[in-house]
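Below is start_8.cif, holding mmCIF, C-alpha atoms.
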```cif
data_my_file
loop_
_atom_site.group_PDB
_atom_site.id
_atom_site.type_symbol
_atom_site.label_atom_id
_atom_site.label_comp_id
_atom_site.auth_asym_id
_atom_site.auth_seq_id
_atom_site.Cartn_x
_atom_site.Cartn_y
_atom_site.Cartn_z
ATOM 1 C CA MET A 166 19.095 -0.498 65.996
ATOM 2 C CA SER A 167 22.878 0.103 66.229
ATOM 3 C CA ASN A 168 24.477 3.165 64.669
ATOM 4 C CA ASN A 169 26.241 0.939 62.130
ATOM 5 C CA ASN A 170 22.995 -0.712 61.051
ATOM 6 C CA LYS A 171 21.303 2.712 60.784
ATOM 7 C CA LYS A 172 24.037 3.905 58.437
ATOM 8 C CA ILE A 173 23.517 0.847 56.199
ATOM 9 C CA VAL A 174 19.770 1.525 55.978
ATOM 10 C CA ASP A 175 20.417 5.177 55.169
ATOM 11 C CA LEU A 176 22.832 4.261 52.407
ATOM 12 C CA GLN A 177 20.401 1.763 50.895
ATOM 13 C CA SER A 178 17.545 4.250 50.831
ATOM 14 C CA GLU A 179 19.506 7.232 49.626
ATOM 15 C CA GLY A 180 21.939 5.518 47.248
ATOM 16 C CA THR A 181 25.436 6.654 46.404
ATOM 17 C CA PRO A 182 26.041 10.259 45.349
ATOM 18 C CA ALA A 183 26.435 9.076 41.742
ATOM 19 C CA GLU A 184 23.121 7.205 41.865
ATOM 20 C CA ALA A 185 21.379 10.191 43.410
ATOM 21 C CA SER A 186 22.731 12.433 40.643
ATOM 22 C CA ALA A 187 21.574 9.972 37.979
ATOM 23 C CA ASN A 188 18.102 9.858 39.534
ATOM 24 C CA ASP A 189 17.939 13.645 39.493
ATOM 25 C CA THR A 190 18.901 13.653 35.811
ATOM 26 C CA VAL A 191 16.173 11.108 35.006
ATOM 27 C CA ASP A 192 13.618 13.125 36.960
ATOM 28 C CA ASP A 193 14.567 16.260 35.038
ATOM 29 C CA SER A 194 14.342 14.377 31.741
ATOM 30 C CA VAL A 195 10.894 13.001 32.611
ATOM 31 C CA ALA A 196 9.681 16.457 33.653
ATOM 32 C CA ALA A 197 10.961 17.925 30.372
ATOM 33 C CA LEU A 198 9.209 15.193 28.378
ATOM 34 C CA ILE A 199 5.913 15.738 30.192
ATOM 35 C CA ASP A 200 6.205 19.479 29.548
ATOM 36 C CA GLN A 201 6.934 18.849 25.849
ATOM 37 C CA VAL A 202 3.966 16.496 25.490
ATOM 38 C CA GLY A 203 1.715 19.098 27.074
ATOM 39 C CA LYS A 204 2.888 21.816 24.683
ATOM 40 C CA ARG A 205 2.455 19.593 21.625
ATOM 41 C CA VAL A 206 -1.035 18.570 22.716
ATOM 42 C CA ILE A 207 -1.929 22.259 23.027
ATOM 43 C CA ALA A 208 -0.471 23.029 19.584
ATOM 44 C CA ALA A 209 -2.260 20.128 17.898
ATOM 45 C CA ARG A 210 -5.539 20.855 19.671
ATOM 46 C CA LYS A 211 -5.474 24.504 18.616
ATOM 47 C CA ALA A 212 -4.516 23.540 15.047
ATOM 48 C CA LYS A 213 -7.698 21.445 14.904
ATOM 49 C CA ARG A 214 -9.638 24.231 16.652
ATOM 50 C CA LEU A 215 -10.775 21.965 19.446
ATOM 51 C CA SER A 216 -11.667 22.995 22.967
ATOM 52 C CA ARG A 217 -10.446 20.845 25.831
ATOM 53 C CA ARG A 218 -13.952 19.512 26.304
ATOM 54 C CA GLU A 219 -14.180 18.568 22.626
ATOM 55 C CA LEU A 220 -10.824 16.808 22.823
ATOM 56 C CA SER A 221 -12.072 15.026 25.919
ATOM 57 C CA GLU A 222 -15.170 13.794 24.080
ATOM 58 C CA LEU A 223 -13.139 12.629 21.085
ATOM 59 C CA SER A 224 -10.470 10.843 23.120
ATOM 60 C CA GLY A 225 -12.444 9.618 26.129
ATOM 61 C CA VAL A 226 -9.896 11.255 28.448
ATOM 62 C CA SER A 227 -11.382 13.441 31.198
ATOM 63 C CA PRO A 228 -11.138 17.250 30.819
ATOM 64 C CA SER A 229 -9.317 17.550 34.172
ATOM 65 C CA TYR A 230 -6.674 15.076 32.985
ATOM 66 C CA ILE A 231 -6.208 17.068 29.775
ATOM 67 C CA VAL A 232 -5.771 20.275 31.810
ATOM 68 C CA ARG A 233 -3.073 18.611 33.904
ATOM 69 C CA LEU A 234 -1.405 17.183 30.811
ATOM 70 C CA GLU A 235 -1.309 20.515 28.984
ATOM 71 C CA SER A 236 0.053 22.279 32.060
ATOM 72 C CA GLY A 237 2.946 19.824 32.266
ATOM 73 C CA GLU A 238 1.734 18.260 35.509
ATOM 74 C CA GLY A 239 0.152 15.038 34.318
ATOM 75 C CA ASN A 240 2.267 11.886 33.936
ATOM 76 C CA ILE A 241 -0.225 10.286 31.547
ATOM 77 C CA SER A 242 -0.282 6.579 30.733
ATOM 78 C CA ILE A 243 0.659 5.323 27.275
ATOM 79 C CA GLY A 244 -2.890 4.099 26.691
ATOM 80 C CA LEU A 245 -4.485 7.470 27.423
ATOM 81 C CA LEU A 246 -1.818 9.300 25.425
ATOM 82 C CA GLN A 247 -2.562 7.069 22.428
ATOM 83 C CA ARG A 248 -6.248 7.998 22.680
ATOM 84 C CA ILE A 249 -5.341 11.679 22.605
ATOM 85 C CA ALA A 250 -2.956 11.163 19.676
ATOM 86 C CA VAL A 251 -5.688 9.441 17.662
ATOM 87 C CA ALA A 252 -8.183 12.205 18.478
ATOM 88 C CA LEU A 253 -5.654 14.829 17.346
ATOM 89 C CA GLU A 254 -4.779 12.823 14.210
ATOM 90 C CA ARG A 255 -1.115 12.705 15.144
ATOM 91 C CA PRO A 256 1.186 9.687 15.549
ATOM 92 C CA ILE A 257 1.978 9.168 19.215
ATOM 93 C CA GLU A 258 5.701 9.457 18.459
ATOM 94 C CA TRP A 259 5.147 13.066 17.370
ATOM 95 C CA LEU A 260 4.010 13.848 20.906
ATOM 96 C CA ILE A 261 6.896 12.197 22.704
ATOM 97 C CA THR A 262 9.920 12.455 20.406
ATOM 98 C CA THR A 263 12.537 15.090 21.154
ATOM 99 C CA ASP A 264 13.504 15.221 17.478
ATOM 100 C CA ASP A 265 11.941 18.159 15.651
ATOM 101 C CA ALA A 266 12.221 16.305 12.340
ATOM 102 C CA LEU A 267 8.669 15.095 12.808
ATOM 103 C CA THR A 268 7.064 18.364 11.874
ATOM 104 C CA THR A 269 3.321 18.860 11.728
ATOM 105 C CA ASP A 270 3.158 18.156 7.978
ATOM 106 C CA ILE A 271 5.147 14.948 8.308
ATOM 107 C CA ALA A 272 3.060 13.861 11.277
ATOM 108 C CA ARG A 273 -0.101 14.311 9.237
ATOM 109 C CA LEU A 274 1.439 12.418 6.334
ATOM 110 C CA ILE A 275 2.271 9.487 8.603
ATOM 111 C CA VAL A 276 -1.304 9.297 9.884
ATOM 112 C CA ARG A 277 -2.791 9.437 6.405
ATOM 113 C CA TYR A 278 -0.309 6.906 5.031
ATOM 114 C CA ARG A 279 -1.224 4.453 7.783
ATOM 115 C CA ARG A 280 -4.901 4.842 6.935
ATOM 116 C CA ALA A 281 -4.426 4.569 3.168
ATOM 117 C CA ASP A 282 -5.132 1.417 1.198
ATOM 118 C CA ALA A 283 -2.356 -0.600 -0.402
ATOM 119 C CA THR A 284 -2.777 0.993 -3.833
ATOM 120 C CA THR A 285 -2.471 4.515 -2.456
ATOM 121 C CA ARG A 286 0.621 3.558 -0.444
ATOM 122 C CA SER A 287 2.180 2.170 -3.606
ATOM 123 C CA ALA A 288 1.536 5.437 -5.451
ATOM 124 C CA VAL A 289 3.072 7.453 -2.603
ATOM 125 C CA LEU A 290 6.205 5.307 -2.527
ATOM 126 C CA SER A 291 6.623 5.536 -6.297
ATOM 127 C CA LEU A 292 6.632 9.325 -6.037
ATOM 128 C CA LEU A 293 8.914 9.551 -3.003
ATOM 129 C CA ASP A 294 11.447 6.857 -3.914
ATOM 130 C CA PRO A 295 11.262 5.985 -7.641
ATOM 131 C CA ASP A 296 14.772 4.503 -7.775
ATOM 132 C CA GLN A 297 14.025 2.005 -5.018
ATOM 133 C CA LEU A 298 10.762 1.078 -6.697
ATOM 134 C CA ARG A 299 12.546 0.498 -10.014
ATOM 135 C CA GLU A 300 14.978 -1.869 -8.279
ATOM 136 C CA GLN A 301 12.046 -3.772 -6.755
ATOM 137 C CA LYS A 302 10.498 -4.251 -10.181
ATOM 138 C CA ALA A 303 13.717 -5.768 -11.589
ATOM 139 C CA GLU A 304 13.054 -6.879 -15.192
ATOM 140 C CA ARG A 305 9.469 -7.977 -14.661
ATOM 141 C CA ILE A 306 6.889 -6.691 -17.157
ATOM 142 C CA CYS A 307 3.152 -7.129 -16.630
ATOM 143 C CA LEU A 308 0.448 -6.541 -19.241
ATOM 144 C CA ILE A 309 -2.932 -5.535 -17.831
ATOM 145 C CA GLY A 310 -6.287 -4.645 -19.348
ATOM 146 C CA LEU A 311 -9.718 -6.001 -20.173
ATOM 147 C CA ARG A 312 -10.289 -9.332 -21.849
ATOM 148 C CA GLY A 313 -9.575 -8.987 -25.557
ATOM 149 C CA ALA A 314 -6.844 -6.388 -25.055
ATOM 150 C CA GLY A 315 -4.264 -8.705 -26.631
ATOM 151 C CA LYS A 316 -2.326 -9.486 -23.442
ATOM 152 C CA SER A 317 -1.644 -13.120 -24.276
ATOM 153 C CA THR A 318 -0.801 -12.565 -27.938
ATOM 154 C CA LEU A 319 1.366 -9.496 -27.355
ATOM 155 C CA GLY A 320 2.897 -10.973 -24.219
ATOM 156 C CA ALA A 321 4.156 -14.030 -26.066
ATOM 157 C CA LYS A 322 5.548 -11.926 -28.922
ATOM 158 C CA LEU A 323 7.132 -9.364 -26.571
ATOM 159 C CA SER A 324 8.858 -12.102 -24.584
ATOM 160 C CA GLU A 325 10.273 -13.563 -27.796
ATOM 161 C CA SER A 326 11.503 -10.160 -28.971
ATOM 162 C CA MET A 327 13.089 -9.278 -25.629
ATOM 163 C CA GLY A 328 14.418 -12.700 -24.716
ATOM 164 C CA LEU A 329 12.236 -13.030 -21.629
ATOM 165 C CA PRO A 330 10.094 -15.935 -20.403
ATOM 166 C CA PHE A 331 6.340 -15.506 -20.892
ATOM 167 C CA VAL A 332 3.885 -16.474 -18.162
ATOM 168 C CA GLU A 333 0.097 -16.281 -17.984
ATOM 169 C CA LEU A 334 -1.048 -15.884 -14.402
ATOM 170 C CA ASN A 335 -4.228 -17.911 -14.890
ATOM 171 C CA HIS A 336 -2.217 -20.805 -16.302
ATOM 172 C CA GLU A 337 0.025 -20.748 -13.208
ATOM 173 C CA ILE A 338 -3.073 -20.670 -10.969
ATOM 174 C CA GLU A 339 -4.473 -23.728 -12.760
ATOM 175 C CA GLN A 340 -1.141 -25.524 -12.379
ATOM 176 C CA ALA A 341 -1.086 -24.788 -8.655
ATOM 177 C CA ALA A 342 -4.726 -25.796 -8.086
ATOM 178 C CA GLY A 343 -4.752 -28.738 -10.482
ATOM 179 C CA ILE A 344 -8.080 -27.661 -12.004
ATOM 180 C CA PRO A 345 -9.227 -25.027 -14.558
ATOM 181 C CA VAL A 346 -10.024 -21.495 -13.427
ATOM 182 C CA ALA A 347 -13.730 -21.982 -14.210
ATOM 183 C CA GLU A 348 -13.861 -24.924 -11.784
ATOM 184 C CA ILE A 349 -11.924 -22.987 -9.147
ATOM 185 C CA ILE A 350 -14.539 -20.210 -9.269
ATOM 186 C CA ALA A 351 -17.422 -22.721 -9.317
ATOM 187 C CA MET A 352 -16.066 -24.573 -6.272
ATOM 188 C CA TYR A 353 -14.543 -21.774 -4.197
ATOM 189 C CA GLY A 354 -16.155 -18.611 -5.566
ATOM 190 C CA ASP A 355 -14.472 -15.361 -6.481
ATOM 191 C CA GLU A 356 -12.937 -15.083 -3.009
ATOM 192 C CA GLY A 357 -11.187 -18.442 -3.358
ATOM 193 C CA TYR A 358 -9.949 -17.529 -6.817
ATOM 194 C CA ARG A 359 -8.620 -14.143 -5.623
ATOM 195 C CA LYS A 360 -6.681 -15.839 -2.831
ATOM 196 C CA LEU A 361 -5.064 -18.251 -5.288
ATOM 197 C CA GLU A 362 -4.339 -15.317 -7.584
ATOM 198 C CA ALA A 363 -2.568 -13.429 -4.775
ATOM 199 C CA ASP A 364 -0.612 -16.501 -3.635
ATOM 200 C CA THR A 365 0.478 -17.350 -7.178
ATOM 201 C CA LEU A 366 1.565 -13.785 -7.886
ATOM 202 C CA ARG A 367 3.678 -13.758 -4.713
ATOM 203 C CA ALA A 368 5.307 -17.040 -5.739
ATOM 204 C CA ILE A 369 6.181 -15.641 -9.176
ATOM 205 C CA ILE A 370 7.708 -12.502 -7.640
ATOM 206 C CA ALA A 371 9.765 -14.578 -5.209
ATOM 207 C CA SER A 372 11.121 -16.911 -7.889
ATOM 208 C CA ARG A 373 11.548 -14.723 -10.994
ATOM 209 C CA THR A 374 13.221 -11.406 -11.722
ATOM 210 C CA ARG A 375 12.861 -11.490 -15.525
ATOM 211 C CA LEU A 376 9.590 -12.272 -17.318
ATOM 212 C CA VAL A 377 6.582 -10.972 -19.193
ATOM 213 C CA LEU A 378 3.379 -11.671 -17.284
ATOM 214 C CA ALA A 379 -0.202 -11.475 -18.591
ATOM 215 C CA VAL A 380 -2.919 -11.189 -15.937
ATOM 216 C CA ALA A 381 -6.699 -11.406 -15.943
ATOM 217 C CA GLY A 382 -8.556 -8.129 -16.298
ATOM 218 C CA GLY A 383 -10.081 -8.458 -12.840
ATOM 219 C CA VAL A 384 -6.753 -8.448 -11.001
ATOM 220 C CA VAL A 385 -7.499 -4.817 -10.108
ATOM 221 C CA GLU A 386 -10.513 -5.909 -8.033
ATOM 222 C CA GLU A 387 -8.303 -6.936 -5.102
ATOM 223 C CA SER A 388 -6.453 -3.788 -4.041
ATOM 224 C CA ALA A 389 -3.671 -5.530 -2.080
ATOM 225 C CA THR A 390 -2.856 -7.880 -4.955
ATOM 226 C CA TYR A 391 -2.915 -5.056 -7.489
ATOM 227 C CA ALA A 392 -0.699 -2.885 -5.283
ATOM 228 C CA GLN A 393 1.837 -5.716 -5.116
ATOM 229 C CA LEU A 394 1.720 -6.032 -8.878
ATOM 230 C CA LEU A 395 2.340 -2.287 -9.321
ATOM 231 C CA ASN A 396 5.205 -2.428 -6.824
ATOM 232 C CA ARG A 397 6.950 -5.432 -8.362
ATOM 233 C CA PHE A 398 6.316 -5.135 -12.108
ATOM 234 C CA HIS A 399 6.750 -2.552 -14.827
ATOM 235 C CA SER A 400 3.073 -2.462 -15.757
ATOM 236 C CA VAL A 401 1.578 -1.667 -19.170
ATOM 237 C CA TRP A 402 -2.127 -1.046 -19.683
ATOM 238 C CA LEU A 403 -3.210 -2.265 -23.113
ATOM 239 C CA LYS A 404 -6.173 -0.063 -23.977
ATOM 240 C CA ALA A 405 -8.872 -0.492 -26.608
ATOM 241 C CA THR A 406 -12.461 0.584 -27.199
ATOM 242 C CA PRO A 407 -15.234 -1.638 -25.796
ATOM 243 C CA ALA A 408 -16.240 -2.536 -29.359
ATOM 244 C CA GLU A 409 -12.724 -3.731 -30.153
ATOM 245 C CA HIS A 410 -12.524 -5.724 -26.920
ATOM 246 C CA MET A 411 -15.753 -7.502 -27.786
ATOM 247 C CA GLY A 412 -14.815 -7.990 -31.445
ATOM 248 C CA ARG A 413 -11.465 -9.580 -30.571
ATOM 249 C CA VAL A 414 -13.076 -12.010 -28.124
ATOM 250 C CA ARG A 415 -15.611 -13.051 -30.770
ATOM 251 C CA ALA A 416 -12.899 -13.313 -33.407
ATOM 252 C CA GLN A 417 -11.196 -15.862 -31.190
ATOM 253 C CA GLY A 418 -14.336 -17.978 -31.424
ATOM 254 C CA ASP A 419 -15.569 -17.200 -27.927
ATOM 255 C CA MET A 420 -19.266 -16.271 -28.238
ATOM 256 C CA ARG A 421 -20.019 -16.511 -24.493
ATOM 257 C CA PRO A 422 -20.069 -12.749 -23.829
ATOM 258 C CA MET A 423 -22.879 -12.224 -26.380
ATOM 259 C CA GLU A 424 -24.767 -15.500 -26.063
ATOM 260 C CA GLY A 425 -28.237 -14.857 -24.642
ATOM 261 C CA ASN A 426 -27.131 -11.471 -23.391
ATOM 262 C CA PRO A 427 -28.210 -8.484 -25.519
ATOM 263 C CA GLN A 428 -26.816 -6.109 -22.879
ATOM 264 C CA ALA A 429 -23.304 -7.569 -23.175
ATOM 265 C CA MET A 430 -21.808 -4.455 -24.778
ATOM 266 C CA GLU A 431 -23.382 -2.166 -22.212
ATOM 267 C CA GLN A 432 -22.037 -4.355 -19.401
ATOM 268 C CA LEU A 433 -18.573 -4.351 -20.937
ATOM 269 C CA GLN A 434 -18.609 -0.551 -21.069
ATOM 270 C CA LYS A 435 -19.603 -0.386 -17.396
ATOM 271 C CA ILE A 436 -16.807 -2.778 -16.424
ATOM 272 C CA LEU A 437 -14.281 -0.688 -18.332
ATOM 273 C CA GLU A 438 -15.540 2.523 -16.706
ATOM 274 C CA ALA A 439 -15.365 0.951 -13.241
ATOM 275 C CA ARG A 440 -11.807 -0.290 -13.736
ATOM 276 C CA GLU A 441 -10.425 2.586 -15.775
ATOM 277 C CA SER A 442 -8.986 4.525 -12.817
ATOM 278 C CA SER A 443 -7.240 1.375 -11.569
ATOM 279 C CA TYR A 444 -5.811 0.493 -14.984
ATOM 280 C CA ALA A 445 -4.599 4.091 -15.283
ATOM 281 C CA GLN A 446 -2.246 3.518 -12.341
ATOM 282 C CA ALA A 447 -0.045 1.390 -14.606
ATOM 283 C CA ASP A 448 3.424 2.744 -15.382
ATOM 284 C CA LEU A 449 2.727 2.862 -19.108
ATOM 285 C CA GLN A 450 -0.279 2.885 -21.430
ATOM 286 C CA LEU A 451 -0.592 1.682 -24.999
ATOM 287 C CA ASP A 452 -3.717 2.230 -27.078
ATOM 288 C CA THR A 453 -4.150 -0.757 -29.385
ATOM 289 C CA SER A 454 -7.351 0.463 -31.072
ATOM 290 C CA GLY A 455 -7.340 0.103 -34.848
ATOM 291 C CA LYS A 456 -3.785 -1.278 -34.949
ATOM 292 C CA SER A 457 -2.421 -4.561 -36.183
ATOM 293 C CA ILE A 458 -0.594 -6.937 -33.882
ATOM 294 C CA GLU A 459 2.699 -6.143 -35.640
ATOM 295 C CA ALA A 460 2.273 -2.372 -35.282
ATOM 296 C CA THR A 461 1.252 -2.694 -31.635
ATOM 297 C CA LEU A 462 4.212 -4.974 -30.891
ATOM 298 C CA THR A 463 6.594 -2.446 -32.432
ATOM 299 C CA GLU A 464 5.193 0.289 -30.179
ATOM 300 C CA LEU A 465 5.290 -1.977 -27.124
ATOM 301 C CA CYS A 466 8.943 -2.891 -27.697
ATOM 302 C CA ALA A 467 9.732 0.806 -28.135
ATOM 303 C CA LEU A 468 8.077 1.563 -24.787
ATOM 304 C CA VAL A 469 10.166 -1.075 -23.046
ATOM 305 C CA VAL A 470 13.390 0.224 -24.570
ATOM 306 C CA SER A 471 12.677 3.946 -24.074
ATOM 307 C CA ASN A 472 11.830 3.419 -20.421
ATOM 308 C CA THR A 473 15.002 1.328 -19.836
ATOM 309 C CA ILE A 474 13.028 -1.477 -18.248
ATOM 310 C CA LEU A 475 15.633 -4.066 -19.217
ATOM 311 C CA LYS A 476 19.171 -3.662 -17.929
#
```
Output the file's structure in the form of structure tokens.
Amino acid sequence: MSNNNKKIVDLQSEGTPAEASANDTVDDSVAALIDQVGKRVIAARKAKRLSRRELSELSGVSPSYIVRLESGEGNISIGLLQRIAVALERPIEWLITTDDALTTDIARLIVRYRRADATTRSAVLSLLDPDQLREQKAERICLIGLRGAGKSTLGAKLSESMGLPFVELNHEIEQAAGIPVAEIIAMYGDEGYRKLEADTLRAIIASRTRLVLAVAGGVVEESATYAQLLNRFHSVWLKATPAEHMGRVRAQGDMRPMEGNPQAMEQLQKILEARESSYAQADLQLDTSGKSIEATLTELCALVVSNTILK
């Protein structure tokens, strides 16, 4: 090889001085990152009071690899680092970010938020960013509660008083499906009905910013649908005693709950107990027990006004 050709090969392998300097900077940056990851793994491991062997068993990463990682010598793959992050209950970004904003408490919050169900996430967001949540809800009002709570009657009267459209979710579901709710459940089961319920609710949210909506008492059974409702509506739980719920249904001429079922009242009480914690997540509550429709409507309108739901 000629001297000229040798010089070309040398230049290609070594790079220009600027490129060599850039490579050195990258190498230093990588070394610093590996060292940081090692220190954060040590800190998180000790916070959980884990030995290296215990961390190895939890993550599936060999003890020798963990030793190298913690000493700042192991250039671990993303896949193995994710295993360690999961075992330590930390988001992987907490291990690799150079920003100290992701403190231990925030890192734990991120992990728990990711694991939480939709209803819990909704509650967290309402606490952390109430103004944003209020904007999302626009001027949508939703009445929830057991059958016989007065959702349809009060919903229609509230909409008239406030100048808002009134919508019953089950009616919209029937319009979309082309058959009554009872037939939907008979043909597709509860799962099919819940899917239609979720789809119809999404369509209402997408197309309307002002309305009063009455929903079936079982809407709380599907956590994702209920979380969306809580996020997008100013919700009001219409409460009443089990006896009043049953009495109102019978007063409407519907004897099905009692017909051939002497345990109907006991079952109603159990349903209310099972759903009570979910209903209690509503923004507002109104006890309708022992009150006339007119008195309850007056209180409901006052709730809407005092909480500045309408702009």
Under the rule of at most 6 Å, produce a per-residue listing of range 364-431 of chain A near range 448-470 of chain A: chain, number, name, the closest pair of atoms, and the distance in Å, as a tab-separated table, using only C-alpha atoms.
```
residue	atom	partner	partner_atom	distance
A:Ser400	CA	A:Asp448	CA	5.2
A:Val401	CA	A:Leu449	CA	4.7
A:Trp402	CA	A:Gln450	CA	4.7
A:Leu403	CA	A:Leu451	CA	5.1
A:Lys404	CA	A:Asp452	CA	4.6
A:Ala405	CA	A:Ser454	CA	4.8
```
Could you tell me, as a ChimeraX atom specification, exactly which residues end up selected when the PyMOL selection byres ((chain A and resi 381) around 8) is applied to this structure?
/A:309-312,334-335,379-380,382-384
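From CA of Ser317 in chain A back to CA of Asp296 in chain A, the distance works out to 29.2 Å.
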Could you check which residues have any atom within 10 Å of (-2.4, -12.5, -6.5), counting only C-alpha atoms with coordinates taken straight from the file, and then list them as a PyMOL selection string?
chain A and resi 334+338+358-369+380+384-385+387-394
Coordinates-based distance that separates CA of Leu220 in chain A from CA of Arg248 in chain A (Å, one decimal)
9.9 Å
Set up a box along x, y and z of the file covering all listed atoms of range 234-243 of chain A, add 5 Å on every one of the six sides, and write the centre and edge lengths in Å to one decimal, as lines of an AutoDock Vina configuration file.
```
center_x = 0.8
center_y = 13.8
center_z = 31.4
size_x = 14.4
size_y = 27.0
size_z = 18.2
```
Suppose you want the space between CA of Leu198 in chain A and CA of Ile243 in chain A; what is it in Å?
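One can read the CA of Leu198 in chain A to CA of Ile243 in chain A distance as 13.1 Å.
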Which residue of A:Pro228, A:Arg205, A:Val377, A:Ser324 approaches Glu258 in chain A most closely, using only C-alpha atoms
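Counting only C-alpha atoms, the residue closest to Glu258 in chain A is A:Arg205.
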